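The structure file structure21.tsv is reproduced below (TSV, C-alpha atoms).
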chain	number	residue	atom	x	y	z
A	229	MET	CA	88.37	87.52	90.94
A	230	PRO	CA	90.84	87.44	88.00
A	231	VAL	CA	93.79	89.75	88.47
A	232	GLN	CA	93.00	91.45	85.14
A	233	ALA	CA	89.58	92.43	86.49
A	234	SER	CA	91.17	93.78	89.68
A	235	TYR	CA	93.62	95.84	87.63
A	236	ILE	CA	90.82	97.38	85.59
A	237	LEU	CA	88.90	98.08	88.81
A	238	VAL	CA	91.87	99.92	90.30
A	239	ILE	CA	92.23	102.14	87.23
A	240	MET	CA	88.49	102.86	87.07
A	241	ILE	CA	88.14	103.61	90.77
A	242	TRP	CA	91.27	105.77	91.04
A	243	SER	CA	90.25	107.66	87.90
A	244	THR	CA	86.77	108.41	89.21
A	245	THR	CA	87.57	109.04	92.89
A	246	PRO	CA	88.65	112.72	92.49
A	247	LEU	CA	85.50	113.47	90.49
A	248	GLY	CA	83.43	111.65	93.12
A	249	ILE	CA	84.98	113.83	95.82
A	250	VAL	CA	84.08	117.00	93.91
A	251	ILE	CA	80.48	115.87	93.30
A	252	SER	CA	79.89	114.47	96.80
A	253	SER	CA	81.00	117.68	98.51
A	254	ALA	CA	78.92	119.92	96.23
A	255	GLY	CA	75.60	119.30	97.98
A	256	MET	CA	76.90	118.95	101.54
A	257	SER	CA	79.83	120.20	103.57
A	258	PRO	CA	83.14	118.49	102.68
A	259	THR	CA	83.71	117.45	106.29
A	260	LEU	CA	80.31	115.73	106.45
A	261	SER	CA	80.85	114.10	103.06
A	262	VAL	CA	84.17	112.52	104.01
A	263	PHE	CA	82.80	111.48	107.43
A	264	LEU	CA	79.85	109.66	105.84
A	265	ARG	CA	82.17	108.04	103.32
A	266	MET	CA	84.42	106.64	106.04
A	267	ALA	CA	81.45	105.55	108.16
A	268	ILE	CA	80.02	103.55	105.24
A	269	ALA	CA	83.40	101.93	104.57
A	270	LEU	CA	83.88	101.11	108.28
A	271	VAL	CA	80.49	99.39	108.61
A	272	LEU	CA	80.97	97.36	105.43
A	273	CYS	CA	84.51	96.39	106.43
A	274	PHE	CA	83.27	95.26	109.86
A	275	PHE	CA	80.66	92.91	108.38
A	276	ILE	CA	83.11	91.48	105.84
A	277	ILE	CA	85.63	90.73	108.61
A	278	LEU	CA	82.87	89.29	110.79
A	279	ILE	CA	81.48	87.02	108.07
A	280	GLY	CA	84.89	86.03	106.70
A	281	ARG	CA	86.34	85.62	110.22
A	282	TYR	CA	89.44	87.57	109.39
A	283	ARG	CA	91.87	88.10	112.24
A	284	VAL	CA	92.48	91.70	113.34
A	285	PRO	CA	95.68	91.92	115.43
A	286	VAL	CA	95.55	94.20	118.48
A	287	SER	CA	99.21	94.15	119.51
A	288	ARG	CA	101.18	97.36	120.10
A	289	ARG	CA	102.90	97.03	116.74
A	290	ALA	CA	99.55	96.50	115.02
A	291	TRP	CA	98.16	99.70	116.55
A	292	ILE	CA	101.23	101.59	115.34
A	293	LEU	CA	100.50	100.26	111.85
A	294	TYR	CA	96.88	101.35	112.10
A	295	CYS	CA	97.95	104.80	113.31
A	296	TYR	CA	100.34	105.33	110.40
A	297	SER	CA	97.75	104.11	107.89
A	298	GLY	CA	95.04	106.14	109.55
A	299	LEU	CA	97.05	109.35	109.53
A	300	GLY	CA	97.56	108.92	105.79
A	301	ILE	CA	93.82	108.46	105.32
A	302	PHE	CA	92.90	111.33	107.62
A	303	GLY	CA	95.35	113.91	106.29
A	304	GLY	CA	95.11	112.86	102.65
A	305	MET	CA	91.32	112.62	102.54
A	306	LEU	CA	90.49	115.69	104.62
A	307	LEU	CA	92.80	117.94	102.61
A	308	SER	CA	91.56	116.43	99.33
A	309	TYR	CA	87.95	117.18	100.23
A	310	LEU	CA	88.83	120.74	101.22
A	311	ALA	CA	90.75	121.16	97.96
A	312	ALA	CA	87.79	119.85	95.94
A	313	GLN	CA	85.88	123.03	96.77
A	314	THR	CA	88.00	124.97	94.28
A	315	VAL	CA	90.36	122.57	92.46
A	316	PRO	CA	89.10	120.50	89.48
A	317	SER	CA	89.08	116.74	89.94
A	318	GLY	CA	91.53	116.18	87.08
A	319	VAL	CA	94.13	118.39	88.72
A	320	ILE	CA	93.72	116.55	92.03
A	321	SER	CA	94.38	113.23	90.30
A	322	LEU	CA	97.31	114.73	88.41
A	323	VAL	CA	99.04	116.00	91.56
A	324	PHE	CA	98.41	112.67	93.32
A	325	GLY	CA	100.26	111.03	90.44
A	326	LEU	CA	103.43	112.48	91.96
A	327	ALA	CA	103.03	110.21	95.01
A	328	PRO	CA	105.64	107.63	93.82
A	329	VAL	CA	108.24	110.38	93.44
A	330	LEU	CA	107.55	111.85	96.89
A	331	SER	CA	107.48	108.36	98.41
A	332	GLY	CA	110.91	107.71	96.91
A	333	LEU	CA	112.29	110.87	98.51
A	334	PHE	CA	110.86	109.99	101.93
A	335	ALA	CA	112.06	106.37	101.63
A	336	GLN	CA	115.66	107.52	101.19
A	337	HIS	CA	115.64	109.18	104.60
A	338	LEU	CA	113.23	106.98	106.55
A	339	LEU	CA	113.89	103.53	105.06
A	340	HIS	CA	117.51	104.16	104.00
A	341	GLU	CA	116.76	103.11	100.45
A	342	ALA	CA	119.23	103.74	97.64
A	343	ARG	CA	119.63	107.35	96.55
A	344	PHE	CA	118.14	108.52	93.29
A	345	SER	CA	120.17	108.08	90.16
A	346	VAL	CA	120.91	111.04	87.91
A	347	LEU	CA	118.06	109.97	85.63
A	348	LYS	CA	115.57	109.95	88.51
A	349	TRP	CA	116.73	113.38	89.67
A	350	LEU	CA	116.17	114.67	86.14
A	351	ALA	CA	112.70	113.11	86.14
A	352	LEU	CA	111.99	114.77	89.50
A	353	ALA	CA	113.07	118.16	88.16
A	354	LEU	CA	110.91	117.64	85.07
A	355	SER	CA	107.89	116.78	87.24
A	356	PHE	CA	108.26	120.08	89.10
A	357	VAL	CA	108.32	121.93	85.78
A	358	GLY	CA	105.02	120.26	84.88
A	359	LEU	CA	103.61	121.00	88.33
A	360	TYR	CA	104.59	124.66	87.96
A	361	LEU	CA	102.65	124.87	84.68
A	362	VAL	CA	99.62	123.21	86.27
A	363	VAL	CA	99.71	125.65	89.18
A	364	MET	CA	100.10	128.65	86.87
A	365	SER	CA	97.16	127.43	84.81
A	366	GLN	CA	95.00	127.27	87.92
A	367	LEU	CA	96.06	130.65	89.30
A	368	THR	CA	96.11	132.76	86.13
A	369	GLU	CA	93.96	131.20	83.41
A	370	LEU	CA	91.28	129.70	85.67
A	371	ASP	CA	91.60	132.37	88.38
A	372	LEU	CA	91.38	129.92	91.29
A	373	ALA	CA	92.44	130.61	94.87
A	374	PRO	CA	95.90	129.20	95.73
A	375	ARG	CA	94.60	127.70	98.98
A	376	GLY	CA	93.05	124.74	97.16
A	377	LEU	CA	96.33	123.85	95.47
A	378	ILE	CA	98.10	124.03	98.82
A	379	TYR	CA	95.54	121.58	100.18
A	380	VAL	CA	96.22	119.15	97.31
A	381	LEU	CA	99.99	119.32	97.77
A	382	GLY	CA	99.53	118.77	101.50
A	383	ALA	CA	97.26	115.78	100.83
A	384	VAL	CA	99.68	113.99	98.51
A	385	THR	CA	102.59	114.73	100.86
A	386	CYS	CA	100.72	113.28	103.84
A	387	PHE	CA	99.65	110.24	101.80
A	388	SER	CA	103.19	109.57	100.58
A	389	LEU	CA	104.83	110.08	103.98
A	390	CYS	CA	102.43	107.79	105.82
A	391	GLY	CA	102.80	105.14	103.12
A	392	VAL	CA	106.53	105.06	103.80
A	393	MET	CA	105.99	105.04	107.57
A	394	VAL	CA	103.77	101.97	107.19
A	395	LYS	CA	106.67	100.11	105.59
A	396	ARG	CA	108.74	100.72	108.73
A	397	VAL	CA	106.36	98.54	110.73
A	398	ARG	CA	107.50	94.95	110.28
A	399	LEU	CA	104.19	93.18	110.62
A	400	VAL	CA	102.26	91.05	108.14
A	401	VAL	CA	98.56	91.92	108.39
A	402	HIS	CA	95.72	91.18	106.01
A	403	PRO	CA	94.74	94.31	104.02
A	404	LEU	CA	91.18	94.10	105.37
A	405	ALA	CA	92.46	94.10	108.94
A	406	THR	CA	94.66	97.11	108.24
A	407	THR	CA	91.73	98.89	106.62
A	408	PHE	CA	89.42	98.13	109.53
A	409	GLY	CA	91.93	99.19	112.19
A	410	SER	CA	92.69	102.43	110.33
A	411	LEU	CA	89.03	103.27	109.76
A	412	LEU	CA	88.24	102.49	113.37
A	413	LEU	CA	90.70	105.20	114.40
A	414	VAL	CA	90.02	107.88	111.80
A	415	THR	CA	86.22	107.72	111.41
A	416	PRO	CA	85.60	109.31	114.85
A	417	MET	CA	88.24	111.92	113.99
A	418	PHE	CA	86.38	112.81	110.81
A	419	GLY	CA	83.17	112.97	112.82
A	420	LEU	CA	84.76	115.33	115.33
A	421	VAL	CA	86.11	117.60	112.59
A	422	TRP	CA	82.65	117.78	111.01
A	423	TRP	CA	80.98	118.49	114.36
A	424	VAL	CA	83.41	121.28	115.27
A	425	SER	CA	83.61	122.91	111.82
A	426	ASP	CA	79.99	122.53	110.72
A	427	GLY	CA	77.79	120.25	112.80
A	428	GLN	CA	74.81	120.70	110.48
A	429	LEU	CA	72.78	117.75	109.20
A	430	ASP	CA	70.30	119.44	106.89
A	431	THR	CA	69.30	116.49	104.71
A	432	GLN	CA	66.77	118.56	102.78
A	433	SER	CA	69.59	120.51	101.13
A	434	TRP	CA	71.39	117.34	99.99
A	435	GLN	CA	71.52	116.71	96.27
A	436	GLN	CA	70.89	113.23	94.93
A	437	SER	CA	74.18	113.30	93.03
A	438	SER	CA	76.07	114.13	96.25
A	439	VAL	CA	74.47	111.26	98.15
A	440	LEU	CA	75.13	108.77	95.34
A	441	ALA	CA	78.74	109.95	95.01
A	442	THR	CA	79.29	109.57	98.78
A	443	VAL	CA	77.91	106.01	98.74
A	444	TYR	CA	80.03	105.20	95.69
A	445	LEU	CA	83.17	106.47	97.41
A	446	GLY	CA	82.37	104.58	100.59
A	447	VAL	CA	81.76	101.26	98.83
A	448	PHE	CA	84.19	101.42	95.93
A	449	GLY	CA	86.72	104.17	96.67
A	450	SER	CA	87.36	103.20	100.30
A	451	LEU	CA	86.75	99.44	100.34
A	452	ILE	CA	86.62	97.59	97.00
A	453	GLY	CA	89.36	99.75	95.49
A	454	PHE	CA	91.64	98.98	98.42
A	455	ILE	CA	91.06	95.23	98.17
A	456	ALA	CA	91.55	95.26	94.39
A	457	TYR	CA	94.78	97.26	94.74
A	458	PHE	CA	96.34	94.77	97.15
A	459	HIS	CA	95.20	91.88	94.95
A	460	VAL	CA	96.99	93.47	92.00
A	461	LEU	CA	100.03	94.24	94.13
A	462	GLN	CA	100.34	90.58	95.13
A	463	LYS	CA	99.86	89.11	91.66
A	464	LEU	CA	101.53	91.53	89.22
A	465	LYS	CA	104.96	93.06	88.90
A	466	ALA	CA	105.55	96.38	90.65
A	467	SER	CA	106.33	98.00	87.30
A	468	THR	CA	102.91	96.96	85.98
A	469	VAL	CA	101.15	98.32	89.05
A	470	ALA	CA	103.09	101.57	88.70
A	471	LEU	CA	101.48	102.14	85.30
A	472	THR	CA	98.28	103.15	87.11
A	473	THR	CA	99.91	106.46	88.10
A	474	LEU	CA	100.38	107.20	84.40
A	475	ILE	CA	96.93	106.08	83.27
A	476	THR	CA	94.56	107.49	85.91
A	477	PRO	CA	95.40	111.23	85.64
A	478	GLY	CA	94.59	111.28	81.94
A	479	PHE	CA	91.26	109.53	82.49
A	480	ALA	CA	90.47	111.82	85.43
A	481	LEU	CA	91.09	114.94	83.33
A	482	LEU	CA	88.81	113.67	80.56
A	483	LEU	CA	86.08	112.58	82.99
A	484	GLY	CA	86.16	115.94	84.77
A	485	ALA	CA	85.80	117.80	81.49
A	486	TRP	CA	83.07	115.48	80.18
A	487	ILE	CA	80.91	114.99	83.28
A	488	ASN	CA	81.63	118.09	85.39
A	489	ASN	CA	82.43	120.59	82.60
A	490	GLU	CA	85.91	121.23	84.01
A	491	ARG	CA	87.96	123.47	81.77
A	492	ILE	CA	91.19	122.12	80.27
A	493	THR	CA	93.55	124.86	79.12
A	494	LEU	CA	96.59	124.47	76.88
A	495	THR	CA	98.93	125.29	79.80
A	496	LEU	CA	97.21	122.69	81.99
A	497	LEU	CA	97.41	120.08	79.24
A	498	THR	CA	101.11	120.84	78.68
A	499	GLY	CA	101.85	120.59	82.41
A	500	ALA	CA	99.91	117.35	82.65
A	501	SER	CA	101.83	115.85	79.74
A	502	ILE	CA	105.18	116.85	81.28
A	503	ILE	CA	104.23	115.34	84.63
A	504	MET	CA	103.18	112.02	83.06
A	505	ILE	CA	106.34	111.89	80.95
A	506	SER	CA	108.45	112.56	84.05
A	507	LEU	CA	106.63	109.78	85.91
A	508	ALA	CA	107.30	107.38	83.04
A	509	VAL	CA	111.01	108.29	83.11
A	510	PHE	CA	111.09	107.97	86.90
A	511	GLN	CA	109.40	104.56	86.92
A	512	PHE	CA	110.83	102.93	83.82
A	513	GLY	CA	113.71	105.10	82.59
A	514	GLU	CA	116.52	103.09	84.17
A	515	SER	CA	115.22	99.72	83.02
A	516	GLY	CA	114.66	101.09	79.52
A	517	TRP	CA	118.15	102.59	79.43
A	518	SER	CA	119.65	99.29	80.62
A	519	ALA	CA	117.81	97.38	77.89
A	520	VAL	CA	119.06	99.80	75.22
A	521	SER	CA	122.63	99.59	76.56
A	522	ASN	CA	122.56	95.79	76.57
A	523	ARG	CA	121.33	95.71	72.97
A	524	MET	CA	124.07	98.10	71.90
A	525	LYS	CA	126.71	95.97	73.64
A	526	LYS	CA	125.44	92.81	71.92
A	527	ARG	CA	125.63	94.48	68.53
A	528	LEU	CA	129.15	95.68	69.16
A	529	LEU	CA	130.21	92.22	70.20
Show me the file's structure as structure tokens.
Amino acid sequence: MPVQASYILVIMIWSTTPLGIVISSAGMSPTLSVFLRMAIALVLCFFIILIGRYRVPVSRRAWILYCYSGLGIFGGMLLSYLAAQTVPSGVISLVFGLAPVLSGLFAQHLLHEARFSVLKWLALALSFVGLYLVVMSQLTELDLAPRGLIYVLGAVTCFSLCGVMVKRVRLVVHPLATTFGSLLLVTPMFGLVWWVSDGQLDTQSWQQSSVLATVYLGVFGSLIGFIAYFHVLQKLKASTVALTTLITPGFALLLGAWINNERITLTLLTGASIIMISLAVFQFGESGWSAVSNRMKKRLL
């Protein structure tokens, strides 16, 4: 597949995943919805590995990698599905856009990466201003319970932390193998959570839209999207890949308003704009400033 097609796939899938979560958990319990999604992805991944004869390492270090990846999937997905009961899909995507910033903070302490520059700290502060406006919009103008927003913040924190923990494991594994090992661990955990919290399998109450959204998330959101993302990551510059965190929240907000009639208030739109500007400064501010400085020096010389 051409890398351009993979890049478009990543943007489309990441833009539609939050909306898919909201729709899929509308006709069935969120714990059952996420369990079915992971079960579909696990079965498909198994057959792809079997047919393609991909190697799945089973060493101690490999299982540590699967555990870290799996915890990110389990915590991030479960909390996202619980949040989708009250939080609009566009807001979920918007908060998840902060993942690169949170990952950078965790990487400083866990991977001993370089500390943030002044510009990045300013971008971080700006992102929290935008997040504050988004939260206020949800609590006051839309009159939503704060618990859903706490779930979203917990989901993106878990996702970011586990992503950094994965980098601590020095092991080269094919993305499909990592996906399979992680799903093999977390799918029974999702099943257990569903069984304890709900345990009901009333198929007559399922809506067609919920079933279709669950299948879509299992096939595209949990499998094809993952493969496309790693294809893009291998072929394109990191800065180009990082653009997805700026593009997807805007699309997700528009899709939520168009398809699911999610309300977009002026405060929410202002907060969203501030967050995306802060992400742009965080990702590209230093390189842009360096380019401007170099041009100024050349002119002076």
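We find atom CA of A:Met504 and atom CA of A:Gly303 to be spaced 24.6 Å apart.
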Interatomic distance (Å, one decimal) between atom CA of A:Leu413 and atom CA of A:Phe454: 17.2 Å
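The residue that comes closest to A:Leu350, out of A:Gly248, A:Phe263, A:Val329, A:Leu377 and on the basis of only C-alpha atoms, is A:Val329.
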From A:Trp242, A:Val397, A:Gly325, A:Gly304, residue lying nearest A:Leu359 [only C-alpha atoms]: A:Gly325
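Reported to one decimal place, the separation of atom CA of A:Leu260 from atom CA of A:Phe275 is 22.9 Å.
The closest residue to A:Ser501, picked from A:Ser308, A:Trp423, A:Leu270, A:Val357 and counting all atoms listed in the file, is A:Val357.
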Shell around A:Ser253 at 9 Å using all atoms listed in the file, local window under 5 positions removed, as number ranges by chain: A: 248, 258-262, 309-310, 312-313, 438, 441-442
Spatial sel., origin (83.2, 113.8, 108.1), limit 12 Å, only C-alpha atoms, listed as a VMD selection string: chain A and resid 252 to 253 256 to 268 302 305 to 307 309 to 310 414 to 429 442 446
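Distances to A:Val362 were evaluated for A:Ile320, A:Ala342, A:Val384, A:Leu445 using all atoms listed in the file, and the minimum falls at A:Ile320.
The list of residues with at least one atom within 8 Å of A:Ala327, based on all atoms listed in the file and without residues fewer than 4 positions apart in the same chain, reads A:Val323, A:Ser331, A:Val384, A:Thr385, A:Phe387, A:Ser388.
Counting only C-alpha atoms, the residue from A:Phe512, A:Tyr360, A:Phe479, A:Tyr457 that sits nearest to A:Thr495 is A:Tyr360.
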Centre and edge lengths of an axis-aligned box around all listed atoms of stretch 311-328 of chain A, with 8 Å added on each side, are to be given in Å to one decimal, as lines of an AutoDock Vina configuration file.
center_x = 95.8
center_y = 116.3
center_z = 92.5
size_x = 35.8
size_y = 33.3
size_z = 26.9
A:Ala290 environment, 9 Å, only C-alpha atoms, sequence neighbours closer than 2 positions dropped, as number ranges by chain: A: 284-288, 292-295, 397, 399, 401, 406, 409
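The list of residues within 9 Å of (87.8, 116.5, 82.7), counted using only C-alpha atoms, is A:Leu247, A:Pro316, A:Ser317, A:Gly318, A:Val319, A:Gly478, A:Phe479, A:Ala480, A:Leu481, A:Leu482, A:Leu483, A:Gly484, A:Ala485, A:Trp486, A:Ile487, A:Asn488, A:Asn489, A:Glu490, A:Arg491, A:Ile492.
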Contacts of A:Leu354 within 10 Å, only C-alpha atoms, excl. fewer than 5 positions in-chain, as a list of chain:residue names: A:Lys348, A:Trp349, A:Leu359, A:Tyr360, A:Gly499, A:Ile502, A:Ile503, A:Met504, A:Ile505, A:Ser506, A:Leu507, A:Val509, A:Phe510
Nearest residue to A:Val392 from the set A:Gly376, A:Gly358, A:Gly300, A:Gly280 (distances using all atoms listed in the file): A:Gly300
